[in-house]
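Next up, start_4.csv (CSV, C-alpha atoms):
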```csv
chain,number,residue,atom,x,y,z
A,21,MET,CA,-167.0,181.9,99.5
A,22,LYS,CA,-165.8,179.0,97.4
A,23,LYS,CA,-162.1,178.6,97.0
A,24,ILE,CA,-160.9,176.4,94.1
A,25,LEU,CA,-157.4,175.1,93.5
A,26,ALA,CA,-156.9,174.6,89.8
A,27,ILE,CA,-154.0,172.6,88.4
A,28,ASP,CA,-152.6,172.3,84.8
A,29,ALA,CA,-149.3,170.4,84.8
A,30,SER,CA,-148.9,170.0,81.1
A,31,PRO,CA,-145.6,171.4,79.6
A,32,ILE,CA,-147.6,171.9,76.3
A,33,PHE,CA,-149.9,174.8,75.4
A,34,GLY,CA,-152.7,173.7,73.2
A,35,GLY,CA,-156.5,173.6,72.9
A,36,ALA,CA,-156.9,171.8,76.3
A,37,GLN,CA,-155.2,174.7,78.0
A,38,LEU,CA,-157.2,177.4,76.2
A,39,SER,CA,-160.4,175.6,77.2
A,40,PHE,CA,-159.2,175.3,80.8
A,41,LEU,CA,-158.5,179.0,80.9
A,42,SER,CA,-162.0,179.7,79.7
A,43,SER,CA,-163.4,177.5,82.4
A,44,LEU,CA,-161.4,179.3,85.1
A,45,ASP,CA,-162.4,182.7,83.8
A,46,CYS,CA,-166.0,181.6,84.1
A,47,LEU,CA,-165.5,180.6,87.7
A,48,GLN,CA,-163.4,183.7,88.5
A,49,LYS,CA,-166.3,186.0,87.4
A,50,ASP,CA,-168.4,184.7,90.2
A,51,GLU,CA,-168.0,187.0,93.2
A,52,GLU,CA,-168.4,184.1,95.6
A,53,THR,CA,-165.6,182.1,94.0
A,54,GLU,CA,-161.8,182.5,94.3
A,55,VAL,CA,-159.6,180.6,91.9
A,56,ILE,CA,-155.9,179.8,92.6
A,57,LEU,CA,-154.0,178.2,89.7
A,58,ILE,CA,-150.8,176.2,89.7
A,59,CYS,CA,-149.5,175.7,86.1
A,60,ALA,CA,-146.5,174.6,84.1
A,61,HIS,CA,-146.7,176.5,80.9
A,62,PRO,CA,-145.8,180.3,80.9
A,63,HIS,CA,-148.6,181.1,78.4
A,64,VAL,CA,-151.1,179.6,80.8
A,65,ALA,CA,-149.6,181.6,83.7
A,66,SER,CA,-149.6,184.9,81.8
A,67,ARG,CA,-153.1,184.6,80.4
A,68,ALA,CA,-154.5,183.5,83.8
A,69,SER,CA,-152.8,186.5,85.5
A,70,ALA,CA,-154.4,188.8,83.0
A,71,MET,CA,-157.8,187.4,84.0
A,72,GLY,CA,-157.1,188.4,87.6
A,73,ILE,CA,-156.4,184.8,88.8
A,74,LYS,CA,-153.7,184.2,91.4
A,75,VAL,CA,-151.1,182.1,89.8
A,76,PHE,CA,-148.2,179.9,90.9
A,77,HIS,CA,-146.0,179.1,87.9
A,78,ILE,CA,-143.7,176.1,88.0
A,79,GLU,CA,-141.2,176.0,85.2
A,80,ALA,CA,-141.6,172.5,83.9
A,81,LEU,CA,-139.5,170.5,81.5
A,82,LYS,CA,-140.9,170.3,77.9
A,83,PRO,CA,-140.0,166.8,76.7
A,84,TRP,CA,-138.8,167.0,73.1
A,85,GLY,CA,-137.5,163.7,71.9
A,86,LYS,CA,-139.5,160.4,72.0
A,87,GLY,CA,-137.5,158.9,74.8
A,88,ALA,CA,-137.6,162.1,76.8
A,89,ARG,CA,-141.4,162.3,76.9
A,90,PHE,CA,-141.9,159.7,79.6
A,91,PHE,CA,-139.0,160.6,81.8
A,92,GLY,CA,-139.6,164.3,81.4
A,93,SER,CA,-143.2,163.9,82.3
A,94,LEU,CA,-142.3,161.8,85.3
A,95,TYR,CA,-139.8,164.5,86.4
A,96,ASN,CA,-142.5,167.2,86.1
A,97,VAL,CA,-144.9,165.1,88.3
A,98,PHE,CA,-142.4,164.8,91.1
A,99,TYR,CA,-141.4,168.4,90.7
A,100,PHE,CA,-145.0,169.5,91.2
A,101,ARG,CA,-145.4,167.2,94.2
A,102,SER,CA,-142.4,168.7,95.8
A,103,TYR,CA,-143.7,172.2,95.1
A,104,PHE,CA,-147.1,171.3,96.7
A,105,ASN,CA,-145.4,170.1,99.9
A,106,ASP,CA,-143.3,173.2,100.1
A,107,HIS,CA,-145.7,176.0,99.1
A,108,ILE,CA,-149.3,174.9,99.4
A,109,THR,CA,-149.9,175.1,103.1
A,110,ASP,CA,-153.4,176.5,102.9
A,111,THR,CA,-155.8,173.5,102.7
A,112,ASN,CA,-159.0,175.6,103.0
A,113,PHE,CA,-160.2,174.7,99.5
A,114,SER,CA,-163.7,173.7,98.5
A,115,LEU,CA,-162.6,171.8,95.4
A,116,ILE,CA,-159.6,170.8,93.3
A,117,LEU,CA,-160.0,171.3,89.5
A,118,LEU,CA,-157.6,169.2,87.4
A,119,ASN,CA,-156.9,169.6,83.7
A,120,GLY,CA,-156.2,166.2,82.3
A,121,SER,CA,-154.1,163.2,83.5
A,122,TYR,CA,-150.9,165.2,83.9
A,123,ALA,CA,-152.6,167.3,86.6
A,124,VAL,CA,-154.1,164.2,88.3
A,125,ALA,CA,-150.7,162.6,88.6
A,126,ALA,CA,-149.2,165.8,89.9
A,127,ALA,CA,-151.9,166.3,92.5
A,128,SER,CA,-152.0,162.6,93.6
A,129,SER,CA,-149.8,163.4,96.6
A,130,LEU,CA,-152.2,166.0,98.0
A,131,ARG,CA,-154.1,164.6,101.0
A,132,PHE,CA,-156.9,167.2,101.1
A,133,GLU,CA,-160.2,165.5,101.9
A,134,ILE,CA,-162.0,167.6,99.3
A,135,PRO,CA,-163.5,166.7,95.9
A,136,LYS,CA,-161.0,166.3,93.0
A,137,VAL,CA,-162.6,167.0,89.6
A,138,VAL,CA,-160.7,166.2,86.4
A,139,PHE,CA,-161.4,167.6,82.9
A,140,ILE,CA,-161.0,164.8,80.4
A,141,ARG,CA,-160.2,166.8,77.2
A,142,ASP,CA,-157.7,164.5,75.5
A,143,ARG,CA,-158.3,161.3,73.6
A,144,ILE,CA,-158.8,158.2,75.8
A,145,HIS,CA,-156.5,155.3,75.1
A,146,ASN,CA,-157.8,152.8,77.7
A,147,THR,CA,-154.3,152.0,79.2
A,148,LYS,CA,-153.7,150.7,82.7
A,149,LEU,CA,-151.9,153.9,83.6
A,150,GLU,CA,-154.7,156.1,82.3
A,151,LYS,CA,-157.3,154.1,84.2
A,152,HIS,CA,-155.3,154.4,87.4
A,153,LEU,CA,-154.8,158.1,87.1
A,154,TYR,CA,-158.5,158.9,86.4
A,155,SER,CA,-159.6,156.6,89.3
A,156,LEU,CA,-157.7,159.0,91.6
A,157,ALA,CA,-160.3,161.7,91.0
A,158,ASP,CA,-163.8,161.8,92.4
A,159,TYR,CA,-165.6,163.4,89.4
A,160,CYS,CA,-164.7,163.9,85.8
A,161,LEU,CA,-166.0,166.3,83.1
A,162,CYS,CA,-166.3,164.9,79.6
A,163,ILE,CA,-166.4,167.5,76.8
A,164,SER,CA,-168.7,165.6,74.4
A,165,LYS,CA,-171.0,162.7,74.3
A,166,PHE,CA,-168.4,160.9,72.2
A,167,GLN,CA,-165.9,161.5,75.0
A,168,LEU,CA,-168.4,160.4,77.7
A,169,ASN,CA,-169.0,157.2,75.9
A,170,SER,CA,-165.3,156.5,75.5
A,171,TYR,CA,-164.8,157.1,79.3
A,172,GLN,CA,-167.7,154.8,80.2
A,173,LYS,CA,-166.0,152.0,78.2
A,174,LEU,CA,-163.1,152.2,80.7
A,175,GLY,CA,-165.4,150.5,83.2
A,176,LEU,CA,-164.3,152.6,86.2
A,177,LYS,CA,-166.5,152.9,89.3
A,178,LYS,CA,-165.1,156.4,89.8
A,179,PRO,CA,-164.7,159.2,89.0
A,180,MET,CA,-168.4,160.0,88.4
A,181,PRO,CA,-168.8,161.5,85.0
A,182,TYR,CA,-170.6,164.7,83.9
A,183,LEU,CA,-171.1,166.0,80.3
A,184,LEU,CA,-169.8,169.5,79.9
A,185,TYR,CA,-169.1,170.9,76.5
A,186,ASN,CA,-166.2,173.4,76.1
A,187,GLY,CA,-167.3,177.0,75.9
A,188,ILE,CA,-165.9,179.0,73.0
A,189,GLN,CA,-165.6,182.8,73.0
A,190,VAL,CA,-165.4,184.0,69.4
A,191,PRO,CA,-165.6,187.6,68.2
A,192,LYS,CA,-169.0,188.3,66.6
A,193,ALA,CA,-169.2,187.9,62.8
A,194,LYS,CA,-171.6,189.9,60.8
A,195,VAL,CA,-174.6,187.8,59.7
A,196,LYS,CA,-174.6,188.0,55.9
A,197,LYS,CA,-175.1,185.8,52.9
A,198,VAL,CA,-172.3,183.2,52.6
A,199,THR,CA,-170.3,183.8,49.5
A,200,LYS,CA,-166.7,183.5,48.4
A,201,LYS,CA,-164.8,186.7,48.8
A,202,THR,CA,-162.2,186.3,46.0
A,203,SER,CA,-161.6,184.3,42.8
A,204,LYS,CA,-159.2,182.1,44.8
A,205,LEU,CA,-160.6,179.4,47.0
A,206,ARG,CA,-159.1,179.7,50.5
A,207,LEU,CA,-158.8,176.4,52.5
A,208,LEU,CA,-157.6,176.2,56.1
A,209,ILE,CA,-156.1,173.4,58.2
A,210,LEU,CA,-155.9,174.5,61.9
A,211,ALA,CA,-154.3,171.8,63.9
A,212,ASP,CA,-151.2,171.2,66.0
A,213,TRP,CA,-148.6,168.9,64.5
A,214,VAL,CA,-149.7,165.6,66.2
A,215,ALA,CA,-150.0,162.3,64.3
A,216,TYR,CA,-153.7,161.8,65.0
A,217,LYS,CA,-154.5,165.2,63.4
A,218,ARG,CA,-153.7,163.5,60.0
A,219,HIS,CA,-152.4,166.6,58.1
A,220,GLU,CA,-151.1,164.3,55.4
A,221,LEU,CA,-154.7,162.9,54.7
A,222,ALA,CA,-156.0,166.5,54.5
A,223,TYR,CA,-153.3,167.5,52.1
A,224,GLU,CA,-153.7,164.4,49.9
A,225,GLY,CA,-157.5,165.2,49.7
A,226,ILE,CA,-156.8,168.8,48.8
A,227,GLU,CA,-154.2,167.8,46.3
A,228,GLN,CA,-156.7,165.5,44.6
A,229,PHE,CA,-159.3,168.2,44.6
A,230,CYS,CA,-156.9,170.7,42.9
A,231,LYS,CA,-156.1,168.3,40.1
A,232,ASP,CA,-159.7,168.5,38.9
A,233,TYR,CA,-160.3,172.2,39.8
A,234,ASP,CA,-159.9,174.9,37.3
A,235,GLY,CA,-159.3,177.8,39.7
A,236,GLU,CA,-156.5,178.7,42.1
A,237,VAL,CA,-156.4,177.5,45.7
A,238,ILE,CA,-154.7,178.9,48.7
A,239,LEU,CA,-154.1,176.5,51.5
A,240,GLU,CA,-153.2,177.9,54.9
A,241,VAL,CA,-151.9,175.5,57.5
A,242,ILE,CA,-151.6,176.6,61.1
A,243,GLY,CA,-150.3,174.5,64.0
A,244,ARG,CA,-147.8,174.4,66.8
A,245,VAL,CA,-144.9,172.0,66.8
A,246,ARG,CA,-145.0,170.3,70.2
A,247,ASP,CA,-142.0,167.9,70.0
A,248,VAL,CA,-139.6,166.1,67.7
A,249,VAL,CA,-142.4,164.0,66.2
A,250,GLY,CA,-144.3,167.1,65.4
A,251,GLN,CA,-141.2,168.6,63.7
A,252,GLN,CA,-140.8,165.4,61.6
A,253,LEU,CA,-144.5,165.6,60.6
A,254,LEU,CA,-144.1,169.2,59.6
A,255,ASN,CA,-140.9,168.5,57.6
A,256,ALA,CA,-142.5,165.6,55.8
A,257,PHE,CA,-145.6,167.8,55.0
A,258,ILE,CA,-143.4,170.6,53.6
A,259,GLU,CA,-141.4,168.1,51.5
A,260,LYS,CA,-144.5,166.4,50.1
A,261,SER,CA,-146.4,169.6,49.4
A,262,SER,CA,-143.4,171.1,47.5
A,263,TYR,CA,-144.3,168.8,44.6
A,264,GLY,CA,-148.0,169.8,44.6
A,265,PRO,CA,-150.3,171.0,41.8
A,266,ALA,CA,-149.4,174.3,40.1
A,267,ASN,CA,-152.7,175.9,41.1
A,268,LEU,CA,-152.1,175.2,44.8
A,269,GLU,CA,-150.4,177.9,46.9
A,270,ILE,CA,-149.5,176.8,50.5
A,271,LYS,CA,-148.7,179.0,53.5
A,272,VAL,CA,-147.5,177.4,56.8
A,273,GLU,CA,-147.6,179.1,60.2
A,274,ARG,CA,-146.2,177.4,63.3
A,275,GLU,CA,-147.6,179.8,65.8
A,276,CYS,CA,-151.0,181.7,65.9
A,277,ASP,CA,-152.4,182.7,69.3
A,278,HIS,CA,-155.5,184.2,67.7
A,279,PRO,CA,-156.7,182.2,64.7
A,280,TYR,CA,-160.1,183.9,64.3
A,281,PRO,CA,-158.9,186.3,61.5
A,282,ASN,CA,-157.5,183.3,59.6
A,283,ILE,CA,-160.8,181.4,60.0
A,284,ARG,CA,-162.8,184.5,59.0
A,285,GLN,CA,-160.7,184.9,55.8
A,286,CYS,CA,-161.0,181.2,54.7
A,287,ASP,CA,-163.8,179.7,52.6
A,288,ILE,CA,-163.6,176.1,53.9
A,289,LEU,CA,-162.1,174.6,57.1
A,290,VAL,CA,-160.8,171.1,56.5
A,291,VAL,CA,-160.5,168.8,59.6
A,292,THR,CA,-159.3,165.2,59.3
A,293,ALA,CA,-158.3,164.3,63.0
A,294,GLU,CA,-158.9,160.8,64.1
A,295,GLN,CA,-161.2,160.1,67.1
A,296,GLU,CA,-161.1,163.8,68.2
A,297,PRO,CA,-163.0,164.3,71.5
A,298,PHE,CA,-164.2,167.8,70.7
A,299,GLY,CA,-162.8,170.1,68.0
A,300,ARG,CA,-162.3,173.8,68.9
A,301,SER,CA,-161.6,174.8,65.3
A,302,ILE,CA,-164.9,173.4,64.1
A,303,VAL,CA,-166.9,175.3,66.7
A,304,GLU,CA,-165.0,178.5,66.0
A,305,ALA,CA,-165.7,178.1,62.3
A,306,MET,CA,-169.4,177.5,63.0
A,307,HIS,CA,-169.5,180.7,65.1
A,308,LEU,CA,-168.1,182.6,62.2
A,309,HIS,CA,-170.5,180.9,59.7
A,310,LYS,CA,-167.8,179.1,57.7
A,311,ALA,CA,-168.1,176.0,55.6
A,312,VAL,CA,-166.6,172.9,57.2
A,313,VAL,CA,-165.3,169.7,55.7
A,314,ALA,CA,-164.8,167.0,58.4
A,315,VAL,CA,-164.2,163.3,58.7
A,316,LYS,CA,-167.2,161.5,60.0
A,317,ASP,CA,-165.3,160.4,63.2
A,318,GLY,CA,-165.0,161.2,66.9
A,319,ALA,CA,-167.1,164.1,68.1
A,320,PHE,CA,-167.4,165.9,64.8
A,321,PRO,CA,-170.8,164.5,63.8
A,322,GLU,CA,-172.1,165.5,67.2
A,323,LEU,CA,-170.8,169.1,66.9
A,324,LEU,CA,-172.0,169.6,63.4
A,325,GLY,CA,-175.2,167.7,63.7
A,326,ASP,CA,-177.7,170.6,63.5
A,327,TYR,CA,-175.4,173.2,62.0
A,328,ASP,CA,-177.3,175.0,59.3
A,329,GLY,CA,-174.2,176.4,57.5
A,330,ILE,CA,-172.3,174.5,54.9
A,331,LYS,CA,-171.0,171.2,56.2
A,332,GLU,CA,-169.7,168.1,54.4
A,333,PHE,CA,-168.7,164.8,56.0
A,334,CYS,CA,-166.1,162.5,54.5
A,335,GLN,CA,-164.4,159.2,55.1
A,336,ALA,CA,-160.7,159.0,55.9
A,337,THR,CA,-159.6,158.7,52.3
A,338,LYS,CA,-158.1,161.3,49.9
A,339,ASP,CA,-160.9,160.7,47.4
A,340,SER,CA,-163.6,161.2,50.0
A,341,VAL,CA,-161.9,164.4,51.3
A,342,ALA,CA,-161.6,165.7,47.8
A,343,GLU,CA,-165.2,165.0,47.0
A,344,ALA,CA,-166.4,166.8,50.2
A,345,ILE,CA,-164.3,169.9,49.4
A,346,LYS,CA,-165.9,169.9,45.9
A,347,LYS,CA,-169.4,169.7,47.3
A,348,ALA,CA,-168.7,172.5,49.9
A,349,ASN,CA,-167.2,174.7,47.1
A,350,LEU,CA,-170.3,174.2,44.9
A,351,ALA,CA,-172.5,175.2,47.8
A,352,LEU,CA,-170.5,178.4,48.2
A,353,ASN,CA,-170.7,179.2,44.5
A,354,GLU,CA,-174.4,178.4,44.2
A,355,ASN,CA,-175.3,180.3,47.4
A,356,LYS,CA,-177.4,177.4,48.6
A,357,SER,CA,-176.4,177.7,52.2
A,358,ILE,CA,-178.8,178.9,54.8
A,359,LEU,CA,-176.8,180.9,57.3
A,360,ASP,CA,-176.6,179.3,60.7
A,361,LYS,CA,-177.9,181.9,63.2
A,362,ASN,CA,-177.6,179.8,66.3
A,363,ARG,CA,-174.7,180.0,68.7
A,364,ARG,CA,-173.7,176.6,70.1
A,365,PHE,CA,-171.1,175.8,72.7
A,366,THR,CA,-170.9,179.3,73.9
A,367,ILE,CA,-168.9,180.5,76.9
A,368,GLN,CA,-172.2,181.6,78.5
A,369,GLU,CA,-173.7,178.1,78.3
A,370,HIS,CA,-170.4,176.6,79.6
A,371,GLN,CA,-170.4,179.0,82.5
A,372,THR,CA,-173.9,178.1,83.6
A,373,GLU,CA,-173.4,174.4,83.3
A,374,LEU,CA,-170.0,174.5,85.0
A,375,GLN,CA,-171.3,176.4,88.0
A,376,ASN,CA,-174.3,174.1,88.3
A,377,ILE,CA,-172.1,171.0,88.3
A,378,ILE,CA,-169.7,172.4,90.9
A,379,LYS,CA,-172.7,173.4,93.1
A,380,GLU,CA,-174.1,169.9,92.8
A,381,ILE,CA,-170.7,168.3,93.6
A,382,LEU,CA,-170.2,170.5,96.7
A,383,HIS,CA,-173.7,169.8,97.8
A,384,GLU,CA,-173.2,166.0,97.5
A,385,THR,CA,-169.9,166.3,99.4
A,386,ASN,CA,-171.3,168.6,102.1
A,387,GLY,CA,-169.1,171.4,100.9
A,388,LEU,CA,-170.0,175.0,100.3
A,389,ASN,CA,-172.7,175.8,97.9
```
Mind turning this structure into structure tokens?
Amino acid sequence: MKKILAIDASPIFGGAQLSFLSSLDCLQKDEETEVILICAHPHVASRASAMGIKVFHIEALKPWGKGARFFGSLYNVFYFRSYFNDHITDTNFSLILLNGSYAVAAASSLRFEIPKVVFIRDRIHNTKLEKHLYSLADYCLCISKFQLNSYQKLGLKKPMPYLLYNGIQVPKAKVKKVTKKTSKLRLLILADWVAYKRHELAYEGIEQFCKDYDGEVILEVIGRVRDVVGQQLLNAFIEKSSYGPANLEIKVERECDHPYPNIRQCDILVVTAEQEPFGRSIVEAMHLHKAVVAVKDGAFPELLGDYDGIKEFCQATKDSVAEAIKKANLALNENKSILDKNRRFTIQEHQTELQNIIKEILHETNGLN
């Protein structure tokens, strides 16, 4: 029996937490594996509990202001450490699975002589603190070749890296010819309000496209506000878009736990994030056979490389984004797209690879296999 201690110390609930939960669910389904989770966010706790995972929920601070981020995060780390010392008396674990640098910092006081494996799901910034935190782990799991390459540029001797793509569980879509459903073109931006997601760039490209487009366009924008910076970005977006073209209707949603109906209803997903290490929304759109417009940046070319559905790459300029949307829309109208019948980055593939990696790590460290 393998006993895995999993830790997610982030006070934020986002794509990294969704992917971590998927990984834990994969491990929990193995009858020979028991997963125990310590987490900070209540959404992570409730979803893990629903999966049958034993959960210890620590109510962490959610830093809101710019100055509060560092000190709030520091407080959470020490709070976690205190909790470990008081509550985690069972040291009979085979492995510790850490979700990002927050978790590495929180678990750094644990003195268990067992492998520490960290998921690197966020963008790598190559700072001294980041290097130090990652070096505290023994192994790391990078979610794309782009992410693996970014990690290797840090020049660390450890942790030893593995490539492990996120696994996405998406409701099955009926395989049928790709055509527009209504006379209105439906565009979707699905991204939390973080600066590097570049909502403004996406909007400016859509605005430029609408100026030369005869029909009506519906733009749906879905994303969580994480902190005061995100609120400022959202406010600026609403202010700017209020003066948009007459043929552009905009709908903004701050919360959406299940975006698949929104993706299924859209015609084109527009993604303009900078140096994104994966891109859940792109994979979800691919699984639902949707057209995708994405900047040629980060892991996006890797994810979309052999996608047979409609895909258009663009540069990080409004004119290039507008042109890519125009080309994707023409492909929809002319029915030139060949439906992509392959499923990539599935939860099944992720489960097999994750279990194989853990088995290899435990074998190397003389743990259980």
Self-check item: Answer as a list in words, residues within 9 Å of (-168.6, 180.0, 87.0) using all atoms listed in the file
Solution: Ser43, Leu44, Asp45, Cys46, Leu47, Gln48, Lys49, Asp50, Thr53, His370, Gln371, Thr372, Glu373, Leu374, Gln375, Asn376 and Ile378 of chain A
Self-check item: Atom-to-atom span, atom CA of A:Val341 and atom CA of A:Asn255, Å
Solution: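 Pair atom CA of A:Val341 / atom CA of A:Asn255 returns 22.3 Å.
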Quiz prompt | Residue among A:Lys347, A:Arg300, A:Lys310, A:Arg101 lying closest to A:Ser129, counting only C-alpha atoms | solution = A:Arg101
Self-check item: Length of the atom CA of A:Phe98 to atom CA of A:Asn119 vector [Å]
Solution: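 Answer for the atom CA of A:Phe98 to atom CA of A:Asn119 separation: 17.0 Å.
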Once you count all atoms listed in the file, which residues end up no further than 12 Å from (-166.4, 167.1, 84.2) in the file's frame, shown as a PDB file with C-alpha atoms, in the coordinates of the input?
```
ATOM      1  CA  PHE A  40    -159.200 175.300  80.800  1.00  0.00           C
ATOM      2  CA  SER A  43    -163.400 177.500  82.400  1.00  0.00           C
ATOM      3  CA  ILE A 116    -159.600 170.800  93.300  1.00  0.00           C
ATOM      4  CA  LEU A 117    -160.000 171.300  89.500  1.00  0.00           C
ATOM      5  CA  LEU A 118    -157.600 169.200  87.400  1.00  0.00           C
ATOM      6  CA  ASN A 119    -156.900 169.600  83.700  1.00  0.00           C
ATOM      7  CA  GLY A 120    -156.200 166.200  82.300  1.00  0.00           C
ATOM      8  CA  LYS A 136    -161.000 166.300  93.000  1.00  0.00           C
ATOM      9  CA  VAL A 137    -162.600 167.000  89.600  1.00  0.00           C
ATOM     10  CA  VAL A 138    -160.700 166.200  86.400  1.00  0.00           C
ATOM     11  CA  PHE A 139    -161.400 167.600  82.900  1.00  0.00           C
ATOM     12  CA  ILE A 140    -161.000 164.800  80.400  1.00  0.00           C
ATOM     13  CA  ARG A 141    -160.200 166.800  77.200  1.00  0.00           C
ATOM     14  CA  TYR A 154    -158.500 158.900  86.400  1.00  0.00           C
ATOM     15  CA  ALA A 157    -160.300 161.700  91.000  1.00  0.00           C
ATOM     16  CA  ASP A 158    -163.800 161.800  92.400  1.00  0.00           C
ATOM     17  CA  TYR A 159    -165.600 163.400  89.400  1.00  0.00           C
ATOM     18  CA  CYS A 160    -164.700 163.900  85.800  1.00  0.00           C
ATOM     19  CA  LEU A 161    -166.000 166.300  83.100  1.00  0.00           C
ATOM     20  CA  CYS A 162    -166.300 164.900  79.600  1.00  0.00           C
ATOM     21  CA  ILE A 163    -166.400 167.500  76.800  1.00  0.00           C
ATOM     22  CA  SER A 164    -168.700 165.600  74.400  1.00  0.00           C
ATOM     23  CA  LYS A 165    -171.000 162.700  74.300  1.00  0.00           C
ATOM     24  CA  GLN A 167    -165.900 161.500  75.000  1.00  0.00           C
ATOM     25  CA  LEU A 168    -168.400 160.400  77.700  1.00  0.00           C
ATOM     26  CA  TYR A 171    -164.800 157.100  79.300  1.00  0.00           C
ATOM     27  CA  PRO A 179    -164.700 159.200  89.000  1.00  0.00           C
ATOM     28  CA  MET A 180    -168.400 160.000  88.400  1.00  0.00           C
ATOM     29  CA  PRO A 181    -168.800 161.500  85.000  1.00  0.00           C
ATOM     30  CA  TYR A 182    -170.600 164.700  83.900  1.00  0.00           C
ATOM     31  CA  LEU A 183    -171.100 166.000  80.300  1.00  0.00           C
ATOM     32  CA  LEU A 184    -169.800 169.500  79.900  1.00  0.00           C
ATOM     33  CA  TYR A 185    -169.100 170.900  76.500  1.00  0.00           C
ATOM     34  CA  ASN A 186    -166.200 173.400  76.100  1.00  0.00           C
ATOM     35  CA  HIS A 370    -170.400 176.600  79.600  1.00  0.00           C
ATOM     36  CA  GLU A 373    -173.400 174.400  83.300  1.00  0.00           C
ATOM     37  CA  LEU A 374    -170.000 174.500  85.000  1.00  0.00           C
ATOM     38  CA  GLN A 375    -171.300 176.400  88.000  1.00  0.00           C
ATOM     39  CA  ASN A 376    -174.300 174.100  88.300  1.00  0.00           C
ATOM     40  CA  ILE A 377    -172.100 171.000  88.300  1.00  0.00           C
ATOM     41  CA  ILE A 378    -169.700 172.400  90.900  1.00  0.00           C
ATOM     42  CA  GLU A 380    -174.100 169.900  92.800  1.00  0.00           C
ATOM     43  CA  ILE A 381    -170.700 168.300  93.600  1.00  0.00           C
TER      44      ILE A 381
END
```
Self-check item: Test item: residues at most 7 Å from A:Leu289, only C-alpha atoms, excluding those fewer than 3 positions along its chain, as an MDAnalysis selection string
Solution: chainID A and resid 207:209 311:313
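Distances here use all atoms listed in the file; by that measure, the residue among A:Cys59, A:Ile24, A:Ile367, A:Ala305 closest to A:Pro279 is A:Ala305.
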Quiz prompt | atom CA of A:Gln228 to atom CA of A:Leu323, distance in Å rounded to a single decimal | solution = 26.6 Å
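Minimum distance to A:Phe365 across A:Leu324, A:Ala293, A:Ile188, A:Leu205 (counting all atoms listed in the file) occurs at A:Ile188.
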Self-check item: Of the listed residues A:Gly250, A:Gly243, A:Gly187, A:Gly318, that which approaches A:Arg143 most closely, counting all atoms listed in the file
Solution: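 Closest candidate: A:Gly318.
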Exercise. Pick out the closest residue to A:Lys151 from this set: A:Lys178, A:Ser340, A:Leu253, A:Ala211. Count only C-alpha atoms.
Key: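 Under the stated criterion, the closest residue is A:Lys178.
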Quiz item: Nearest to A:Ala60 among A:Gln295, A:Ser102, A:Asn96, A:Ser42, with distances taken over only C-alpha atoms: which residue is it?
Solution: A:Asn96
Can you take the partial stretch 244-255 of chain A, add N, CA and C atoms, and return it as a PDB file, keeping the file's coordinate frame?
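Once everything was written out, this is rebuild_5.pdb:
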```pdb
ATOM      1  N   ARG A 244    -149.055 174.341  66.009  1.00  0.00           N
ATOM      2  CA  ARG A 244    -147.800 174.400  66.800  1.00  0.00           C
ATOM      3  C   ARG A 244    -147.077 173.045  66.700  1.00  0.00           C
ATOM      4  N   VAL A 245    -145.774 173.135  66.758  1.00  0.00           N
ATOM      5  CA  VAL A 245    -144.900 172.000  66.800  1.00  0.00           C
ATOM      6  C   VAL A 245    -144.626 171.683  68.299  1.00  0.00           C
ATOM      7  N   ARG A 246    -145.077 170.545  68.805  1.00  0.00           N
ATOM      8  CA  ARG A 246    -145.000 170.300  70.200  1.00  0.00           C
ATOM      9  C   ARG A 246    -143.675 169.536  70.604  1.00  0.00           C
ATOM     10  N   ASP A 247    -143.185 168.699  69.690  1.00  0.00           N
ATOM     11  CA  ASP A 247    -142.000 167.900  70.000  1.00  0.00           C
ATOM     12  C   ASP A 247    -141.333 167.436  68.738  1.00  0.00           C
ATOM     13  N   VAL A 248    -140.363 166.537  68.874  1.00  0.00           N
ATOM     14  CA  VAL A 248    -139.600 166.100  67.700  1.00  0.00           C
ATOM     15  C   VAL A 248    -140.467 165.372  66.692  1.00  0.00           C
ATOM     16  N   VAL A 249    -141.461 164.655  67.161  1.00  0.00           N
ATOM     17  CA  VAL A 249    -142.400 164.000  66.200  1.00  0.00           C
ATOM     18  C   VAL A 249    -143.159 164.994  65.416  1.00  0.00           C
ATOM     19  N   GLY A 250    -143.612 166.047  66.068  1.00  0.00           N
ATOM     20  CA  GLY A 250    -144.300 167.100  65.400  1.00  0.00           C
ATOM     21  C   GLY A 250    -143.437 167.783  64.321  1.00  0.00           C
ATOM     22  N   GLN A 251    -142.155 167.978  64.661  1.00  0.00           N
ATOM     23  CA  GLN A 251    -141.200 168.600  63.700  1.00  0.00           C
ATOM     24  C   GLN A 251    -141.030 167.677  62.497  1.00  0.00           C
ATOM     25  N   GLN A 252    -140.968 166.371  62.746  1.00  0.00           N
ATOM     26  CA  GLN A 252    -140.800 165.400  61.600  1.00  0.00           C
ATOM     27  C   GLN A 252    -142.064 165.434  60.753  1.00  0.00           C
ATOM     28  N   LEU A 253    -143.241 165.524  61.356  1.00  0.00           N
ATOM     29  CA  LEU A 253    -144.500 165.600  60.600  1.00  0.00           C
ATOM     30  C   LEU A 253    -144.522 166.846  59.723  1.00  0.00           C
ATOM     31  N   LEU A 254    -144.108 167.962  60.313  1.00  0.00           N
ATOM     32  CA  LEU A 254    -144.100 169.200  59.600  1.00  0.00           C
ATOM     33  C   LEU A 254    -143.092 169.156  58.417  1.00  0.00           C
ATOM     34  N   ASN A 255    -141.899 168.625  58.675  1.00  0.00           N
ATOM     35  CA  ASN A 255    -140.900 168.500  57.600  1.00  0.00           C
ATOM     36  C   ASN A 255    -141.372 167.638  56.467  1.00  0.00           C
TER      37      ASN A 255
END
```
